[in-house]
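The file structure-v3.tsv contains TSV, C-alpha atoms:
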chain	number	residue	atom	x	y	z
A	165	MET	CA	-12.43	3.11	-25.66
A	166	GLU	CA	-12.30	6.69	-24.46
A	167	TRP	CA	-15.47	6.25	-22.43
A	168	LEU	CA	-13.94	3.22	-20.71
A	169	VAL	CA	-10.81	5.13	-19.72
A	170	SER	CA	-12.88	8.08	-18.49
A	171	GLY	CA	-15.12	5.78	-16.46
A	172	LEU	CA	-12.16	4.00	-14.89
A	173	ILE	CA	-10.54	7.32	-13.99
A	174	PHE	CA	-13.78	8.48	-12.37
A	175	LEU	CA	-14.08	5.28	-10.32
A	176	HIS	CA	-10.40	5.43	-9.43
A	177	VAL	CA	-10.58	9.02	-8.21
A	178	THR	CA	-13.86	8.44	-6.34
A	179	SER	CA	-12.74	5.28	-4.56
A	180	GLY	CA	-9.36	6.84	-3.84
A	181	ALA	CA	-10.97	9.90	-2.28
A	182	VAL	CA	-13.12	7.70	-0.04
A	183	ALA	CA	-10.06	5.68	0.97
A	184	LEU	CA	-7.98	8.75	1.78
A	185	VAL	CA	-10.73	10.21	3.96
A	186	THR	CA	-11.69	7.01	5.77
A	187	PHE	CA	-8.06	5.99	6.32
A	188	TRP	CA	-7.86	8.12	9.46
A	189	LEU	CA	-11.11	7.03	11.07
A	190	PRO	CA	-10.15	3.46	12.10
A	191	LEU	CA	-6.87	4.80	13.48
A	192	LEU	CA	-8.56	7.38	15.67
A	193	LEU	CA	-11.69	5.49	16.73
A	194	PRO	CA	-11.67	3.00	19.65
A	195	LYS	CA	-10.22	-0.29	18.42
A	196	GLY	CA	-12.53	-3.27	18.11
A	197	LYS	CA	-15.74	-1.24	18.30
A	198	GLN	CA	-18.38	-1.29	15.57
A	199	ALA	CA	-17.42	2.16	14.29
A	200	HIS	CA	-13.82	1.01	13.90
A	201	ARG	CA	-14.85	-2.12	12.02
A	202	VAL	CA	-17.29	-0.32	9.71
A	203	THR	CA	-14.95	2.52	8.78
A	204	GLY	CA	-12.08	0.07	8.40
A	205	ARG	CA	-14.16	-2.04	6.04
A	206	VAL	CA	-15.06	1.02	3.98
A	207	PHE	CA	-11.39	2.00	3.77
A	208	ALA	CA	-10.34	-1.52	2.80
A	209	ILE	CA	-12.95	-1.95	0.06
A	210	SER	CA	-12.38	1.49	-1.42
A	211	MET	CA	-8.60	1.05	-1.35
A	212	ILE	CA	-8.80	-2.34	-3.07
A	213	VAL	CA	-11.09	-0.91	-5.77
A	214	CYS	CA	-8.76	2.05	-6.21
A	215	GLY	CA	-5.68	-0.18	-6.35
A	216	VAL	CA	-7.12	-2.63	-8.87
A	217	ILE	CA	-8.28	0.18	-11.15
A	218	ALA	CA	-4.85	1.81	-10.80
A	219	MET	CA	-3.26	-1.36	-12.15
A	220	VAL	CA	-5.69	-1.38	-15.09
A	221	LEU	CA	-4.96	2.27	-15.86
A	222	ALA	CA	-1.24	1.56	-15.55
A	223	SER	CA	-1.57	-0.97	-18.35
A	224	PHE	CA	-2.78	1.85	-20.61
A	225	HIS	CA	0.26	3.92	-19.70
A	226	LEU	CA	2.56	1.02	-20.52
A	227	THR	CA	0.87	-0.48	-23.59
A	228	SER	CA	-1.49	2.11	-25.12
A	229	PRO	CA	0.27	5.48	-25.45
A	230	GLN	CA	-2.48	6.83	-27.70
A	231	TRP	CA	-4.76	7.07	-24.66
A	232	VAL	CA	-2.23	8.82	-22.42
A	233	GLU	CA	-0.86	12.33	-22.70
A	234	GLY	CA	2.73	13.29	-21.99
A	235	ALA	CA	6.24	12.41	-23.08
A	236	ALA	CA	7.15	8.76	-23.48
A	237	ASP	CA	9.63	8.68	-20.58
A	238	THR	CA	7.22	10.34	-18.17
A	239	ARG	CA	4.37	8.12	-19.33
A	240	LEU	CA	6.35	4.94	-18.70
A	241	GLN	CA	7.62	6.11	-15.33
A	242	LEU	CA	4.13	7.02	-14.18
A	243	GLY	CA	2.80	3.75	-15.58
A	244	TRP	CA	5.23	1.58	-13.66
A	245	MET	CA	4.78	3.60	-10.48
A	246	MET	CA	0.99	3.43	-10.78
A	247	LEU	CA	1.16	-0.34	-11.30
A	248	TYR	CA	3.45	-0.72	-8.30
A	249	LEU	CA	1.48	1.51	-5.93
A	250	GLY	CA	-1.78	-0.14	-6.97
A	251	LEU	CA	-0.39	-3.59	-6.24
A	252	LEU	CA	1.24	-2.38	-3.03
A	253	ALA	CA	-1.99	-0.94	-1.63
A	254	THR	CA	-4.02	-3.98	-2.68
A	255	VAL	CA	-1.61	-6.54	-1.21
A	256	LEU	CA	-1.24	-4.70	2.09
A	257	VAL	CA	-4.99	-4.26	2.55
A	258	LEU	CA	-5.68	-7.92	1.72
A	259	PHE	CA	-3.03	-9.01	4.21
A	260	GLY	CA	-4.38	-6.60	6.81
A	261	LEU	CA	-7.84	-8.12	6.40
A	262	LYS	CA	-6.37	-11.60	6.61
A	263	THR	CA	-4.79	-10.85	9.98
A	264	VAL	CA	-8.17	-9.80	11.37
A	265	ARG	CA	-9.77	-12.96	10.02
A	266	ASN	CA	-7.07	-15.38	11.19
A	267	LYS	CA	-5.83	-13.58	14.31
A	268	GLY	CA	-3.55	-15.92	16.25
A	269	ARG	CA	-4.29	-19.02	14.15
A	270	HIS	CA	-0.88	-18.84	12.57
A	271	HIS	CA	-1.19	-21.93	10.37
A	272	LEU	CA	-3.84	-20.19	8.24
A	273	TYR	CA	-1.48	-17.48	6.98
A	274	LYS	CA	0.76	-19.59	4.79
A	275	THR	CA	-1.40	-19.70	1.66
A	276	THR	CA	-0.24	-19.79	-1.95
A	277	TRP	CA	-2.03	-16.63	-3.02
A	278	ILE	CA	-0.71	-14.44	-0.22
A	279	LEU	CA	2.86	-15.66	-0.79
A	280	PHE	CA	2.49	-15.13	-4.55
A	281	LEU	CA	1.22	-11.57	-4.09
A	282	HIS	CA	4.08	-10.67	-1.76
A	283	GLY	CA	6.58	-12.21	-4.17
A	284	ALA	CA	5.12	-10.29	-7.11
A	285	LEU	CA	5.18	-7.10	-5.06
A	286	ALA	CA	8.84	-7.61	-4.13
A	287	LEU	CA	9.81	-8.19	-7.77
A	288	LEU	CA	7.88	-5.16	-8.97
A	289	ALA	CA	9.43	-3.01	-6.24
A	290	ALA	CA	12.90	-4.15	-7.34
A	291	TRP	CA	12.06	-3.23	-10.94
A	292	VAL	CA	10.78	0.22	-9.93
A	293	PHE	CA	13.90	0.75	-7.84
A	294	TRP	CA	16.10	-0.17	-10.81
A	295	LEU	CA	14.18	2.21	-13.07
A	296	GLY	CA	14.63	4.99	-10.56
A	297	TRP	CA	18.32	4.23	-10.14
A	298	SER	CA	19.02	4.03	-13.87
A	299	GLN	CA	17.03	7.19	-14.65
A	300	ARG	CA	18.08	9.08	-11.51
A	301	GLU	CA	14.50	9.51	-10.30
A	302	LEU	CA	14.47	9.72	-6.51
A	303	LEU	CA	10.70	9.32	-6.39
A	304	LEU	CA	10.82	5.84	-7.94
A	305	ILE	CA	13.66	4.83	-5.64
A	306	GLY	CA	11.82	6.14	-2.61
A	307	VAL	CA	8.45	4.51	-3.21
A	308	ALA	CA	10.17	1.17	-3.83
A	309	PHE	CA	11.45	1.26	-0.26
A	310	ILE	CA	7.88	1.10	1.07
A	311	ALA	CA	7.68	-2.49	-0.17
A	312	PHE	CA	11.27	-3.17	0.90
A	313	LEU	CA	10.18	-2.29	4.44
A	314	MET	CA	6.78	-4.01	4.45
A	315	VAL	CA	7.29	-7.27	2.53
A	316	PRO	CA	10.10	-8.77	4.68
A	317	GLY	CA	8.16	-8.13	7.88
A	318	ASN	CA	5.00	-9.69	6.49
A	319	LEU	CA	6.83	-12.73	5.11
A	320	ARG	CA	8.72	-13.21	8.36
A	321	PHE	CA	5.41	-13.26	10.20
A	322	ILE	CA	3.84	-15.65	7.66
A	323	LEU	CA	6.69	-18.16	7.43
A	324	ARG	CA	8.05	-18.47	10.93
A	325	LYS	CA	6.62	-20.65	13.66
A	326	PRO	CA	5.03	-18.67	16.49
A	327	VAL	CA	6.80	-18.94	19.83
A	328	ALA	CA	4.77	-17.71	22.77
A	329	ALA	CA	6.48	-15.83	25.56
A	330	PRO	CA	6.22	-17.51	28.98
A	331	GLY	CA	2.80	-16.83	30.43
A	332	LYS	CA	1.84	-14.44	27.63
A	333	LEU	CA	-0.16	-14.59	24.42
A	334	ARG	CA	1.44	-13.20	21.30
A	335	ARG	CA	-0.62	-10.52	19.57
A	336	GLU	CA	1.69	-9.86	16.66
A	337	TRP	CA	-1.20	-10.37	14.26
A	338	LEU	CA	-2.61	-7.09	15.54
A	339	TYR	CA	0.71	-5.34	14.98
A	340	GLN	CA	0.83	-6.75	11.43
A	341	HIS	CA	-2.74	-5.59	10.90
A	342	PHE	CA	-2.22	-1.94	11.63
A	343	THR	CA	1.21	-1.72	9.96
A	344	SER	CA	-0.24	-3.22	6.77
A	345	MET	CA	-3.19	-0.84	6.77
A	346	ILE	CA	-0.96	2.15	7.47
A	347	GLY	CA	1.39	0.99	4.71
A	348	ALA	CA	-1.57	0.92	2.32
A	349	GLY	CA	-2.44	4.44	3.43
A	350	ILE	CA	1.13	5.57	2.73
A	351	ALA	CA	0.84	4.10	-0.77
A	352	GLY	CA	-2.48	5.85	-1.31
A	353	TYR	CA	-1.27	9.26	-0.20
A	354	SER	CA	1.99	8.86	-2.12
A	355	ALA	CA	0.00	8.15	-5.27
A	356	PHE	CA	-2.36	11.04	-4.59
A	357	LEU	CA	0.45	13.56	-4.15
A	358	SER	CA	2.58	12.21	-7.00
A	359	PHE	CA	-0.12	11.84	-9.65
A	360	GLY	CA	-1.95	14.94	-8.48
A	361	ALA	CA	1.27	16.85	-9.02
A	362	ALA	CA	1.70	15.28	-12.45
A	363	MET	CA	-1.81	16.40	-13.41
A	364	TYR	CA	-1.96	19.88	-11.91
A	365	MET	CA	1.73	20.78	-11.42
A	366	PRO	CA	3.66	18.96	-14.18
A	367	THR	CA	6.97	20.54	-13.18
A	368	HIS	CA	6.66	18.83	-9.77
A	369	ALA	CA	5.53	15.44	-11.10
A	370	PHE	CA	8.56	13.63	-9.68
A	371	ASN	CA	9.33	15.92	-6.78
A	372	PRO	CA	10.71	13.58	-4.06
A	373	TYR	CA	9.57	15.93	-1.30
A	374	LEU	CA	5.93	15.15	-2.13
A	375	TRP	CA	6.14	11.42	-1.44
A	376	THR	CA	8.29	11.89	1.66
A	377	ILE	CA	5.41	13.63	3.44
A	378	PRO	CA	3.09	10.58	3.71
A	379	THR	CA	6.04	8.24	4.22
A	380	ILE	CA	7.47	10.19	7.16
A	381	LEU	CA	4.05	10.69	8.75
A	382	GLY	CA	3.03	7.07	8.19
A	383	VAL	CA	6.23	5.54	9.54
A	384	SER	CA	6.14	7.88	12.54
A	385	PHE	CA	2.57	6.81	13.23
A	386	MET	CA	3.60	3.15	12.99
A	387	MET	CA	6.31	3.73	15.59
A	388	TRP	CA	3.88	5.53	17.88
A	389	LEU	CA	1.28	2.78	17.61
A	390	SER	CA	3.88	0.06	18.13
A	391	LYS	CA	4.65	1.55	21.53
A	392	ARG	CA	0.98	1.84	22.46
A	393	GLN	CA	0.07	-1.63	21.20
A	394	PRO	CA	2.30	-4.28	22.81
A	395	ARG	CA	3.00	-7.45	20.90
A	396	TYR	CA	2.13	-9.51	23.96
A	397	ASP	CA	-0.89	-9.56	26.22
Turn the structure described in the file into structure tokens.
Amino acid sequence: MEWLVSGLIFLHVTSGAVALVTFWLPLLLPKGKQAHRVTGRVFAISMIVCGVIAMVLASFHLTSPQWVEGAADTRLQLGWMMLYLGLLATVLVLFGLKTVRNKGRHHLYKTTWILFLHGALALLAAWVFWLGWSQRELLLIGVAFIAFLMVPGNLRFILRKPVAAPGKLRREWLYQHFTSMIGAGIAGYSAFLSFGAAMYMPTHAFNPYLWTIPTILGVSFMMWLSKRQPRYD
């Protein structure tokens, strides 16, 4: 069993490192070009692999304490946060890829699996928020708000009927694409800083200032891109 855990950790760290590095390339490269598509695909695949493995490792934190070091309270908090951030990154990347595939064909977005994943993410975010509130952990409260910000916007886009502006073509799918990918990046960097601190600086494992760095930068970048990328042609 130990070899399995070690192998999963290695794959998780490797795929996470690739995702964190390649996250910036699609944002900075010319949109729609081959370099943008290739680097974006590398980011998406590595982030999904990292997120899925994070959820598997989280199950060890929550159900198999003999394989995880640390106090019980810290182990459970890290386990729930790892499960949440893994699901958050995975759902946002999958939805970001779906927007590129479907573009303006709005009727293709309302699928059972994408609605289920967003619902599961919302419930898990609420649980993490409650844990943070009950245990006075600002980090858990803060990371829960990433989903509180992203899920309603995605569901509003999925469920409503598109209404085109007079003489213009709506391009909100593109806006949803880059906000979802940036949201996944925020989740990745939040996990990197939080769990890196837990591993190398245990006294700062739940330092709220660590997760605010990627959140502030990511949200600021979303606002900047939203001004550069209009929602209408």
### Task
State, in Å with one decimal place, the distance from CA of Tyr353 (chain A) to CA of Leu247 (chain A).
14.9 Å
### Message
Residues within 12 Å of Gly196 (chain A), please, as number ranges by chain. Count all atoms listed in the file; anything in the same chain fewer than 6 positions from it doesn't count.
### Response
A: 190, 202-204, 264, 338
### Task
Please tell me which residues are no farther than 10 Å from (-11.6, 6.1, -10.6) in the file, counting all atoms listed in the file, and write them as JSON, numbers by chain.
{"A": [169, 170, 171, 172, 173, 174, 175, 176, 177, 178, 179, 180, 181, 213, 214, 215, 216, 217, 218, 221]}
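Closest to Ala311 (chain A) among A:Ala253, A:Val206, A:Leu261, A:Leu323 is A:Ala253, based on only C-alpha atoms.
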#### Entry: Atom pair CA of Leu256 (chain A) / CA of Gly306 (chain A): separation (Å)
17.6 Å
